[in-house]
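Here is the structure we will look at.
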Amino acid sequence: MERKHTLSVLVENTPGALARIVGLFSGRGFNIDSLCVAETLDPTLSHLTLVTHGDDMIIEQIIKQLRRLIDVYKVVDVTEEGEFVEREMALIKVRAEKETRAEVLRMCDIFRCKVVDVSPRTYTVEVTGPESKIQAVIELLKPIGIKEIVRTGLIAMKREKKTT
Amino acid sequence: MATKMTGAQIIVEALKREGVEIIFGYPGGAVIDIYDELYRTPEIKHVLVRHEQGATHAADGLARSTGKVGVCLVTSGPGATNTVTGIATAYMDSIPLVVLTGQVPTKLIGNDAFQEVDITGITRPCTKHNFLVKRVEDLAWTLKAAFHIARTGRPGPVLVDLPKDVQQAKTEFHWPEEIRLRSYNPVYEPNKRQVEKAYRLLEASTRPVILVGGGVIASGAHEEVRELAELLHIPVTMTLMGLGGFPGTHEYSLGMLGMHGTYYANMAVANSDLIIAVGARFDDRVTGKVDAFAPMAKIVHIDIDPTSIQKNVRVDVPIVGDCKRSLARLLEIIKEVGRPSKLWKEQFKEWWEQIDIWKRRYPLTYKQDGNHIKPQFVIEKLYELTKGEAIVCTEVGQNQMWTAQFYKFDKPRTLLSSGGLGTMGYGFPAAIGAQMANPDKLVLDIAGDGSIQMNIQEMATAMDQRLPIKVIILNNGYLGMVRQWQELFYDRRYSAVQFATIPDFVKLAEAYGAVGFRATKPEEVEPTLKKALETNNLVLVDIHIAPEEGVFPMVPAGRATTEMILV
Ligand SMILES: Cc1cc2nc3c(=O)[nH]c(=O)nc-3n(C[C@H](O)[C@H](O)[C@H](O)COP(=O)(O)OP(=O)(O)OC[C@H]3O[C@@H](n4cnc5c(N)ncnc54)[C@H](O)[C@@H]3O)c2cc1C
Ligand SMILES: Cc1ncc(C[n+]2csc(CCOP(=O)(O)OP(=O)(O)O)c2C)c(N)n1
Ligand SMILES: [Mg+2]
């Protein structure tokens, strides 16, 4: 059965490491749904959050193939590790004419979005949350008229145990 | 304070420290500094080839025949791109190589400079790892890491790209005797529990088969395989890459399995209830149609590379580890439990009766005809005359499969063949590498008339080095393996499988100062081969074989391995 998996990957911060990972996915026909790369506290390591999908055997191969890369330090299948926090940010430029301006603001309020740029005919809205929330905001704003969307892709982190 | 050395000096020093005695290469502007250093280094024998592809295959032949890391050195741009086929060949078959390529000076990288090519980008998917060295201070460490990565874990080719200014810059030389890479830690020791599970499956099994792959050769686990088979009385089959990992003449050997495997090997695997796969990766040439592969079998899979496990077939007991250590552990358990060998024999008695029926029903065979030389007969004769003692390289195609079927390989590292990539033109330069590394052994290249022309220029290299390689051309006047597919699956439409011009191989040999022989009738085979083997020179033997002879058994691509076309 096909499922979405969020992988957290620590790689050596060397030139070529990212190319190797992306090349692995294209070369072997795996999917990348989204990819986020950034530094970590340790400057010699970069962190990658990678969302992919496939059946169990494919996901197993993806993880093993990633681990096989000499530059890859650690791979965690966040989806399999129990509870985790996931966040994504989107900037949505939405048409805001006289009659819809208030409605857009109301929606922002409900979803705790921020308006980060205003023009006579548009609002640019910043929304942060799990993918489901981003999707919901997009669906609600669509009828009003979305001009442009830019999304960061997902980042994720394992939740700590609540008991000791 | 250590004295300062140039990058080129560090490179040559690193090769010495790694125990490299022979390298294969071709010079150019971007490596001229390294060549200048080699000029002063008699300890390292440099073999000047005629084409960089030849250098990579020769280094590969050295590696396969000895287990050492093969090394080659080429210039930037076209020198580097010419190595790609050789690198990919080594990658597919997990062969340790270090390929040193020259590069334009660092400040010109990315400028489309003269003879610049992004070789680390090009070879990223076909190397185990590669490096572009940007600072001379990183050089010693990088070269140490390259050798370490190439030879450990699942071996493979590593490329190191060396900009010219890095070769010329100076720094203090510090050689790391040990190297640890936090992101690379291959697992050699198997998980004990998993090995115990494997043992329990053996106890419960009535129809087991051991499947030996190239990993047995890489890890030197042939003794352990043999001990396991003999102790428990289990039949053994081998992949093309596993040939020699268990003696081909052993009474428990079923020969090769897969597309051109023996009838009884494929039947045994298909009907088995337990497969112990050791260092094999269940390639599609081995499994045939995957859904129909060994439907009743539980599978124990020993492999040092977790990606090989559960990639193509479902595995019941995965064992990540080195073949030799994993089998040693299994043997320990067997001895601890101490079940008498007789009991095991009893347990598999019916299984052997069944296998013997299969063996008698369709032995590996071919039809003689009085007029034509049969290639299988040539290989049988070669086997007899060389007493099975030669290092045998092959090209790709029918010649390769007949060799795999009819030469009995008893020892590891005696068959050198491009399995995964199937590179025509591999065999001859590989033979050069093997002969360089094994001056006292007999080295053969069993070739096709098509393949031999793909790296024929290396005749000159072999002559330079006075290598008495024997090239046996099974000349069918066809790109025979493709022709066979066209005959069987494309209604005999022979499209582009016949050359209008084939050189006179005897004269060609003579043109290079080598010796040429020809055989066109069956009765000429033995005397001609004898003459060739007695000649202390490079020999090309042009044997005109039955032009439309096929390789059988054959499992049509994508079919179950039990659906064999037989002779
Ligand atoms: C024309 C043609 C026809 C062919 N027909 C056949 C055929 O009929 N039958 C056949 O078998 N092949 C055939 N082949 C070859 C085939 O394509 C594959 O190359 C071959 O089957 C792979 O062999 P292998 O599984 O032993 O794997 P290899 O490629 O040798 O892989 C070795 C495996 O061992 C592992 N390994 C390496 N070192 C260790 C270690 N120290 N410890 C543990 N594991 C280790 C590796 O991770 C890898 O998984 C043919 C090729 C050609 C060109
Ligand atoms: C470099 C390369 N090109 C093409 C092929 C496809 N191919 C596989 S076998 C074969 C025919 C080989 O002919 P020959 O060397 O005469 O060997 P034969 O099969 O006749 O013994 C070809 C063209 C290949 N394996 N390698
Ligand atoms: Mg031919």
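Letters for chains follow the order of the structure tokens (A, B, ...), residue numbers begin at 1 for each chain, and ligand numbers begin at 1 in the order shown.
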
Could you tell me, counting only C-alpha atoms and all ligand atoms, which protein and nucleic acid residues lie no more than 6 Å from ligand 3, written as a PDB file with C-alpha atoms, in the first residue's frame?
```pdb
ATOM      1  CA  GLY B 448      33.613 -13.189 -29.481  1.00  0.00           C
ATOM      2  CA  ASP B 449      34.462 -11.769 -32.872  1.00  0.00           C
ATOM      3  CA  GLY B 450      32.435  -8.671 -32.047  1.00  0.00           C
ATOM      4  CA  ASN B 475      34.258 -16.568 -34.253  1.00  0.00           C
ATOM      5  CA  ASN B 476      30.685 -17.135 -35.355  1.00  0.00           C
ATOM      6  CA  GLY B 477      30.635 -14.163 -37.696  1.00  0.00           C
ATOM      7  CA  TYR B 478      27.763 -12.740 -35.694  1.00  0.00           C
ATOM      8  CA  LEU B 479      26.933 -10.627 -32.722  1.00  0.00           C
ATOM      9  CA  GLY B 480      25.806 -14.025 -31.670  1.00  0.00           C
TER      10      GLY B 480
END
```

Can you check which parts of chain B lie within 10 Å of chain A? Per residue, the shortest pair of atoms and distance in Å to one decimal, counting only C-alpha atoms, sorted by chain and number, as a Markdown table.
```
| residue | atom | partner | partner_atom | distance |
| --- | --- | --- | --- | --- |
| B:Thr120 | CA | A:Gly16 | CA | 8.6 |
| B:Gly121 | CA | A:Gly16 | CA | 8.2 |
| B:Arg124 | CA | A:Arg20 | CA | 6.8 |
| B:Pro125 | CA | A:Gly23 | CA | 7.3 |
| B:Lys128 | CA | A:Leu69 | CA | 7.9 |
| B:His129 | CA | A:Ile70 | CA | 6.7 |
| B:Asn130 | CA | A:Gly16 | CA | 9.2 |
| B:Phe131 | CA | A:Gly16 | CA | 8.8 |
| B:Leu132 | CA | A:Pro15 | CA | 9.1 |
| B:Ile149 | CA | A:Ile70 | CA | 8.5 |
| B:Arg154 | CA | A:Arg68 | CA | 9.9 |
| B:Leu181 | CA | A:Ile70 | CA | 8.5 |
| B:Arg182 | CA | A:Tyr73 | CA | 6.9 |
| B:Ser183 | CA | A:Tyr73 | CA | 4.3 |
| B:Tyr184 | CA | A:Ile70 | CA | 5.5 |
| B:Asn185 | CA | A:Ile70 | CA | 9.0 |
| B:Pro186 | CA | A:Arg68 | CA | 9.1 |
| B:Asp305 | CA | A:Arg68 | CA | 7.9 |
| B:Pro306 | CA | A:Lys64 | CA | 6.4 |
| B:Thr307 | CA | A:Lys64 | CA | 5.4 |
| B:Ser308 | CA | A:Gln61 | CA | 8.9 |
| B:Ile309 | CA | A:Gln61 | CA | 9.0 |
| B:Gln310 | CA | A:Met57 | CA | 7.4 |
| B:Lys311 | CA | A:Gln61 | CA | 6.7 |
| B:Asn312 | CA | A:Met57 | CA | 9.3 |
| B:Val313 | CA | A:Met57 | CA | 9.9 |
| B:Arg314 | CA | A:Met57 | CA | 9.0 |
```

Open item on the list: Considering only alpha helix (DSSP H) as DSSP defines it on the backbone, what residues of region 295-350 of chain B qualify? List them as JSON, numbers by chain.
Closed with: {"B": [323, 324, 325, 326, 327, 328, 329, 330, 331, 332, 333, 334, 335, 336, 337, 341, 342, 343, 344, 345, 346, 347, 349, 350]}

Task: strand (DSSP E) residues, from DSSP on the backbone, in region 50-126 of chain A, as a PyMOL selection string - done: chain A and resi 50-54+72-77+84-95+114-118+122-126

- [ ] Output the neighbourhood of ligand 2 as a PyMOL selection string, that is, all protein and nucleic acid residues with some atom at most 9 Å from the ligand, counting only C-alpha atoms and all ligand atoms.
- [x] chain B and resi 85+395-402+421-426+447-454+473-484+497+547

TODO: For ligand 1, collect every residue having any atom at a distance of at most 6 Å from a ligand atom (counting only C-alpha atoms and all ligand atoms); output as a PyMOL selection string.
DONE: chain B and resi 93+154+213-215+218-219+239-242+257-261+279-283+285-286+303-305+308+321-323+396-397+419-420+422

Just write the chosen residues, N, CA and C atoms, as a tab-separated table (two decimals), in the first residue's frame.
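Just written: result_7.tsv:
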```
chain	number	residue	atom	x	y	z
B	93	ASP	N	29.61	-4.76	-10.67
B	93	ASP	CA	30.09	-6.04	-10.14
B	93	ASP	C	30.80	-5.89	-8.79
B	154	ARG	N	30.82	-3.32	0.89
B	154	ARG	CA	30.62	-3.79	-0.47
B	154	ARG	C	31.59	-3.03	-1.34
B	213	GLY	N	26.95	-16.27	-4.56
B	213	GLY	CA	27.10	-15.11	-5.44
B	213	GLY	C	28.48	-14.50	-5.36
B	214	GLY	N	28.65	-13.40	-6.04
B	214	GLY	CA	29.93	-12.72	-6.11
B	214	GLY	C	30.46	-12.28	-4.75
B	215	GLY	N	29.57	-12.10	-3.77
B	215	GLY	CA	29.99	-11.70	-2.43
B	215	GLY	C	30.88	-12.75	-1.77
B	218	ALA	N	34.26	-11.99	-3.08
B	218	ALA	CA	34.77	-10.75	-2.49
B	218	ALA	C	35.22	-10.98	-1.06
B	219	SER	N	34.47	-11.80	-0.32
B	219	SER	CA	34.78	-11.94	1.09
B	219	SER	C	35.72	-13.13	1.36
B	239	THR	N	25.71	-18.04	-9.07
B	239	THR	CA	25.44	-17.03	-10.10
B	239	THR	C	26.69	-16.96	-10.99
B	240	LEU	N	26.56	-16.22	-12.08
B	240	LEU	CA	27.74	-16.02	-12.93
B	240	LEU	C	28.89	-15.47	-12.10
B	241	MET	N	28.58	-14.51	-11.23
B	241	MET	CA	29.64	-13.88	-10.44
B	241	MET	C	30.13	-14.78	-9.32
B	242	GLY	N	29.35	-15.78	-8.99
B	242	GLY	CA	29.71	-16.68	-7.89
B	242	GLY	C	30.53	-17.88	-8.35
B	257	LEU	N	22.95	-21.03	-12.17
B	257	LEU	CA	21.50	-20.96	-12.30
B	257	LEU	C	21.15	-19.73	-13.15
B	258	GLY	N	19.87	-19.58	-13.44
B	258	GLY	CA	19.41	-18.36	-14.11
B	258	GLY	C	19.15	-18.55	-15.59
B	259	MET	N	19.18	-17.45	-16.29
B	259	MET	CA	18.79	-17.42	-17.70
B	259	MET	C	19.47	-18.51	-18.52
B	260	HIS	N	20.78	-18.69	-18.32
B	260	HIS	CA	21.50	-19.73	-19.05
B	260	HIS	C	22.07	-20.76	-18.09
B	261	GLY	N	21.39	-20.91	-16.97
B	261	GLY	CA	21.83	-21.88	-15.97
B	261	GLY	C	21.44	-23.29	-16.38
B	279	GLY	N	25.87	-13.67	-0.48
B	279	GLY	CA	26.51	-12.66	-1.33
B	279	GLY	C	26.01	-12.66	-2.76
B	280	ALA	N	24.70	-12.80	-2.92
B	280	ALA	CA	24.09	-12.75	-4.26
B	280	ALA	C	22.97	-11.73	-4.21
B	281	ARG	N	22.69	-11.08	-5.32
B	281	ARG	CA	21.74	-9.97	-5.23
B	281	ARG	C	20.45	-10.19	-6.00
B	282	PHE	N	20.15	-11.44	-6.34
B	282	PHE	CA	18.89	-11.79	-7.00
B	282	PHE	C	18.61	-10.91	-8.21
B	283	ASP	N	19.58	-10.87	-9.08
B	283	ASP	CA	19.47	-10.14	-10.34
B	283	ASP	C	18.35	-10.77	-11.18
B	285	ARG	N	18.46	-11.73	-14.12
B	285	ARG	CA	18.96	-12.86	-14.93
B	285	ARG	C	18.98	-14.14	-14.09
B	286	VAL	N	18.86	-13.98	-12.80
B	286	VAL	CA	18.87	-15.13	-11.89
B	286	VAL	C	17.45	-15.54	-11.52
B	303	ASP	N	24.16	-10.72	3.20
B	303	ASP	CA	24.78	-9.71	2.33
B	303	ASP	C	25.28	-8.56	3.17
B	304	ILE	N	26.41	-8.02	2.80
B	304	ILE	CA	27.00	-6.92	3.56
B	304	ILE	C	26.30	-5.61	3.25
B	305	ASP	N	25.56	-5.57	2.15
B	305	ASP	CA	24.88	-4.35	1.75
B	305	ASP	C	23.37	-4.52	1.96
B	308	SER	N	20.86	-4.75	-0.93
B	308	SER	CA	20.70	-5.95	-1.77
B	308	SER	C	19.59	-6.84	-1.22
B	321	GLY	N	25.82	-8.74	6.92
B	321	GLY	CA	27.16	-9.02	7.41
B	321	GLY	C	28.03	-9.58	6.31
B	322	ASP	N	29.28	-9.80	6.67
B	322	ASP	CA	30.24	-10.38	5.75
B	322	ASP	C	29.94	-11.86	5.56
B	323	CYS	N	30.04	-12.34	4.34
B	323	CYS	CA	29.73	-13.75	4.05
B	323	CYS	C	30.57	-14.69	4.91
B	396	VAL	N	31.64	-10.55	-23.75
B	396	VAL	CA	30.22	-10.63	-23.40
B	396	VAL	C	29.44	-11.22	-24.57
B	397	GLY	N	28.47	-12.05	-24.23
B	397	GLY	CA	27.63	-12.66	-25.25
B	397	GLY	C	27.65	-14.17	-25.11
B	419	GLY	N	29.49	-9.08	-15.48
B	419	GLY	CA	28.16	-9.65	-15.29
B	419	GLY	C	27.06	-8.61	-15.28
B	420	GLY	N	27.20	-7.64	-14.43
B	420	GLY	CA	26.12	-6.69	-14.20
B	420	GLY	C	25.91	-5.73	-15.36
B	422	GLY	N	27.59	-6.14	-18.36
B	422	GLY	CA	27.71	-6.87	-19.62
B	422	GLY	C	28.47	-6.06	-20.65
```

Open item on the list: Using only C-alpha atoms, which protein or nucleic acid residues come within 7 Å of Asp161 (chain B)? Drop anything in the same chain fewer than 5 positions from it, and give the result as a PyMOL selection string.
Closed with: chain B and resi 100-103+131-133

Who sits within 8 Å of region 36-40 of chain A, only C-alpha atoms, same chain under 6 positions skipped, as a short mmCIF file (atom, residue, chain, number, x, y, z; two decimals) with N, CA and C atoms, in the first residue's frame:
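After the write, around.cif holds the following:
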```cif
data_model
loop_
_atom_site.label_atom_id
_atom_site.label_comp_id
_atom_site.auth_asym_id
_atom_site.auth_seq_id
_atom_site.Cartn_x
_atom_site.Cartn_y
_atom_site.Cartn_z
N SER A 46 24.42 18.86 7.63
CA SER A 46 23.19 19.52 7.21
C SER A 46 22.02 18.60 7.50
N HIS A 47 20.88 19.22 7.66
CA HIS A 47 19.67 18.45 7.92
C HIS A 47 18.71 18.57 6.74
N LEU A 48 18.15 17.44 6.41
CA LEU A 48 17.23 17.39 5.28
C LEU A 48 15.92 16.78 5.76
N THR A 49 14.81 17.42 5.45
CA THR A 49 13.53 16.75 5.65
C THR A 49 12.99 16.44 4.27
N LEU A 50 12.68 15.16 4.08
CA LEU A 50 12.32 14.71 2.75
C LEU A 50 10.99 13.98 2.84
N THR A 152 7.16 26.09 1.63
CA THR A 152 8.54 25.76 2.03
C THR A 152 8.84 24.27 1.92
N GLY A 153 7.80 23.47 1.91
CA GLY A 153 8.03 22.04 2.10
C GLY A 153 8.05 21.76 3.59
N LEU A 154 7.85 20.47 3.89
CA LEU A 154 7.61 20.11 5.29
C LEU A 154 8.91 19.97 6.07
N ILE A 155 8.87 20.39 7.34
CA ILE A 155 9.92 19.96 8.27
C ILE A 155 9.25 19.20 9.41
#
```

Residue neighbourhood Arg159 (chain A), 12 Å, only C-alpha atoms, exclusion window fewer than 3 positions, as a PDB file with all heavy atoms, in the first residue's frame:
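The file below, around.pdb, is the result:
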```
ATOM      1  N   VAL A  78      10.564   9.380  10.185  1.00  0.00           N
ATOM      2  CA  VAL A  78       9.806  10.056  11.233  1.00  0.00           C
ATOM      3  C   VAL A  78       8.387   9.474  11.329  1.00  0.00           C
ATOM      4  O   VAL A  78       7.839   9.301  12.412  1.00  0.00           O
ATOM      5  CB  VAL A  78       9.746  11.576  10.946  1.00  0.00           C
ATOM      6  CG1 VAL A  78       9.015  12.291  12.046  1.00  0.00           C
ATOM      7  CG2 VAL A  78      11.144  12.128  10.806  1.00  0.00           C
ATOM      8  N   THR A  79       7.841   9.122  10.207  1.00  0.00           N
ATOM      9  CA  THR A  79       6.485   8.570  10.167  1.00  0.00           C
ATOM     10  C   THR A  79       6.363   7.285  10.980  1.00  0.00           C
ATOM     11  O   THR A  79       5.311   7.000  11.540  1.00  0.00           O
ATOM     12  CB  THR A  79       6.093   8.287   8.700  1.00  0.00           C
ATOM     13  OG1 THR A  79       6.493   9.398   7.912  1.00  0.00           O
ATOM     14  CG2 THR A  79       4.609   8.070   8.555  1.00  0.00           C
ATOM     15  N   GLU A  81       8.338   6.547  13.578  1.00  0.00           N
ATOM     16  CA  GLU A  81       8.946   6.692  14.891  1.00  0.00           C
ATOM     17  C   GLU A  81       7.945   7.106  15.966  1.00  0.00           C
ATOM     18  O   GLU A  81       8.334   7.587  17.008  1.00  0.00           O
ATOM     19  CB  GLU A  81      10.069   7.730  14.835  1.00  0.00           C
ATOM     20  CG  GLU A  81      11.310   7.228  14.131  1.00  0.00           C
ATOM     21  CD  GLU A  81      12.190   6.386  15.035  1.00  0.00           C
ATOM     22  OE1 GLU A  81      12.638   6.907  16.063  1.00  0.00           O
ATOM     23  OE2 GLU A  81      12.389   5.211  14.724  1.00  0.00           O
ATOM     24  N   GLY A  82       6.679   7.000  15.633  1.00  0.00           N
ATOM     25  CA  GLY A  82       5.679   7.409  16.608  1.00  0.00           C
ATOM     26  C   GLY A  82       5.299   8.864  16.411  1.00  0.00           C
ATOM     27  O   GLY A  82       5.329   9.374  15.292  1.00  0.00           O
ATOM     28  N   GLU A  83       4.993   9.531  17.533  1.00  0.00           N
ATOM     29  CA  GLU A  83       4.489  10.906  17.470  1.00  0.00           C
ATOM     30  C   GLU A  83       5.539  11.871  16.937  1.00  0.00           C
ATOM     31  O   GLU A  83       6.704  11.794  17.311  1.00  0.00           O
ATOM     32  CB  GLU A  83       4.101  11.350  18.881  1.00  0.00           C
ATOM     33  CG  GLU A  83       2.991  10.515  19.470  1.00  0.00           C
ATOM     34  CD  GLU A  83       1.634  11.055  19.080  1.00  0.00           C
ATOM     35  OE1 GLU A  83       1.317  12.188  19.474  1.00  0.00           O
ATOM     36  OE2 GLU A  83       0.903  10.345  18.366  1.00  0.00           O
ATOM     37  N   PHE A  84       5.118  12.768  16.073  1.00  0.00           N
ATOM     38  CA  PHE A  84       6.050  13.794  15.628  1.00  0.00           C
ATOM     39  C   PHE A  84       5.301  15.075  15.302  1.00  0.00           C
ATOM     40  O   PHE A  84       4.096  15.078  15.072  1.00  0.00           O
ATOM     41  CB  PHE A  84       6.862  13.317  14.432  1.00  0.00           C
ATOM     42  CG  PHE A  84       6.033  13.008  13.208  1.00  0.00           C
ATOM     43  CD1 PHE A  84       5.919  13.941  12.193  1.00  0.00           C
ATOM     44  CD2 PHE A  84       5.387  11.792  13.072  1.00  0.00           C
ATOM     45  CE1 PHE A  84       5.167  13.661  11.062  1.00  0.00           C
ATOM     46  CE2 PHE A  84       4.629  11.504  11.952  1.00  0.00           C
ATOM     47  CZ  PHE A  84       4.514  12.437  10.938  1.00  0.00           C
ATOM     48  N   VAL A  85       6.041  16.165  15.345  1.00  0.00           N
ATOM     49  CA  VAL A  85       5.494  17.468  14.975  1.00  0.00           C
ATOM     50  C   VAL A  85       5.919  17.728  13.549  1.00  0.00           C
ATOM     51  O   VAL A  85       7.094  17.552  13.220  1.00  0.00           O
ATOM     52  CB  VAL A  85       6.094  18.595  15.830  1.00  0.00           C
ATOM     53  CG1 VAL A  85       5.257  19.849  15.706  1.00  0.00           C
ATOM     54  CG2 VAL A  85       6.244  18.156  17.268  1.00  0.00           C
ATOM     55  N   GLU A  86       4.982  18.151  12.732  1.00  0.00           N
ATOM     56  CA  GLU A  86       5.397  18.551  11.392  1.00  0.00           C
ATOM     57  C   GLU A  86       4.859  19.944  11.098  1.00  0.00           C
ATOM     58  O   GLU A  86       3.773  20.316  11.553  1.00  0.00           O
ATOM     59  CB  GLU A  86       4.922  17.546  10.337  1.00  0.00           C
ATOM     60  CG  GLU A  86       3.437  17.288  10.341  1.00  0.00           C
ATOM     61  CD  GLU A  86       2.938  16.623   9.063  1.00  0.00           C
ATOM     62  OE1 GLU A  86       3.679  15.840   8.470  1.00  0.00           O
ATOM     63  OE2 GLU A  86       1.808  16.914   8.655  1.00  0.00           O
ATOM     64  N   ALA A 156      10.010  18.331  10.039  1.00  0.00           N
ATOM     65  CA  ALA A 156       9.402  17.480  11.058  1.00  0.00           C
ATOM     66  C   ALA A 156      10.381  17.193  12.165  1.00  0.00           C
ATOM     67  O   ALA A 156      11.600  17.255  11.987  1.00  0.00           O
ATOM     68  CB  ALA A 156       8.953  16.166  10.426  1.00  0.00           C
ATOM     69  N   LYS A 162       6.253  12.092  26.927  1.00  0.00           N
ATOM     70  CA  LYS A 162       5.621  12.999  27.896  1.00  0.00           C
ATOM     71  C   LYS A 162       5.849  12.530  29.338  1.00  0.00           C
ATOM     72  O   LYS A 162       5.781  13.288  30.271  1.00  0.00           O
ATOM     73  CB  LYS A 162       4.110  13.094  27.623  1.00  0.00           C
ATOM     74  CG  LYS A 162       3.793  13.749  26.284  1.00  0.00           C
ATOM     75  CD  LYS A 162       4.160  15.228  26.297  1.00  0.00           C
ATOM     76  CE  LYS A 162       3.806  15.990  25.051  1.00  0.00           C
ATOM     77  NZ  LYS A 162       4.264  15.504  23.775  1.00  0.00           N
ATOM     78  N   THR A 163       6.118  11.229  29.492  1.00  0.00           N
ATOM     79  CA  THR A 163       6.378  10.703  30.834  1.00  0.00           C
ATOM     80  C   THR A 163       7.858  10.376  30.950  1.00  0.00           C
ATOM     81  O   THR A 163       8.536  10.196  29.948  1.00  0.00           O
ATOM     82  CB  THR A 163       5.579   9.411  31.053  1.00  0.00           C
ATOM     83  OG1 THR A 163       5.836   8.546  29.944  1.00  0.00           O
ATOM     84  CG2 THR A 163       4.097   9.682  31.145  1.00  0.00           C
TER      85      THR A 163
END
```

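Residues lying within 9 Å of region 51-56 of chain A, counting only C-alpha atoms and ignoring same-chain neighbours fewer than 5 positions away, are A:Met1, A:Glu2, A:Arg3, A:Lys4, A:His5, A:Thr6, A:Leu7, A:Ser8, A:Phe30, A:Asn31, A:Ile32, A:Asp33, A:Ser34, A:Leu35, A:Gln61, A:Gly153, A:Leu154, A:Ile155.
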
TODO: Work out how far CA of Pro468 (chain B) is from CA of Arg50 (chain B), in Å to one decimal.
DONE: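 These two atoms are separated by 17.9 Å.
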
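If only C-alpha atoms are the atoms counted, then among B:Ser418, B:Thr365, B:Val158, B:Glu116 the closest residue to Leu566 (chain B) is B:Thr365.
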
Open item on the list: Can you tell me which residues surround Lys381 (chain B) at a distance of at most 12 Å, considering only C-alpha atoms, apart from same-chain residues fewer than 5 positions away, and format the answer as a list in words?
Closed with: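 Contacts, with the query itself left out: Ile373, Lys374, Pro375, Gln376, Thr386, Lys387, Gly388, Thr403, Phe406, Tyr407, Lys408, Ile472, Pro522, Glu523, Glu524, Val525, Glu526, Pro527, Thr528, Leu529, Lys530 and Leu533 of chain B.
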
Open item on the list: As an exercise, work out the distance from CA of Asp60 (chain B) to CA of Val160 (chain B) in Å and give it to one decimal place.
Closed with: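 Interatomic distance, CA of Asp60 (chain B) to CA of Val160 (chain B): 16.3 Å.
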
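Closest approach to Ile149 (chain A) among A:Leu91, A:Val22, A:Ala136, A:Met107: A:Leu91, based on only C-alpha atoms.
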
Open item on the list: Using Å and a single decimal, report how far CA of Leu48 (chain B) sits from CA of Leu97 (chain B).
Closed with: 17.3 Å
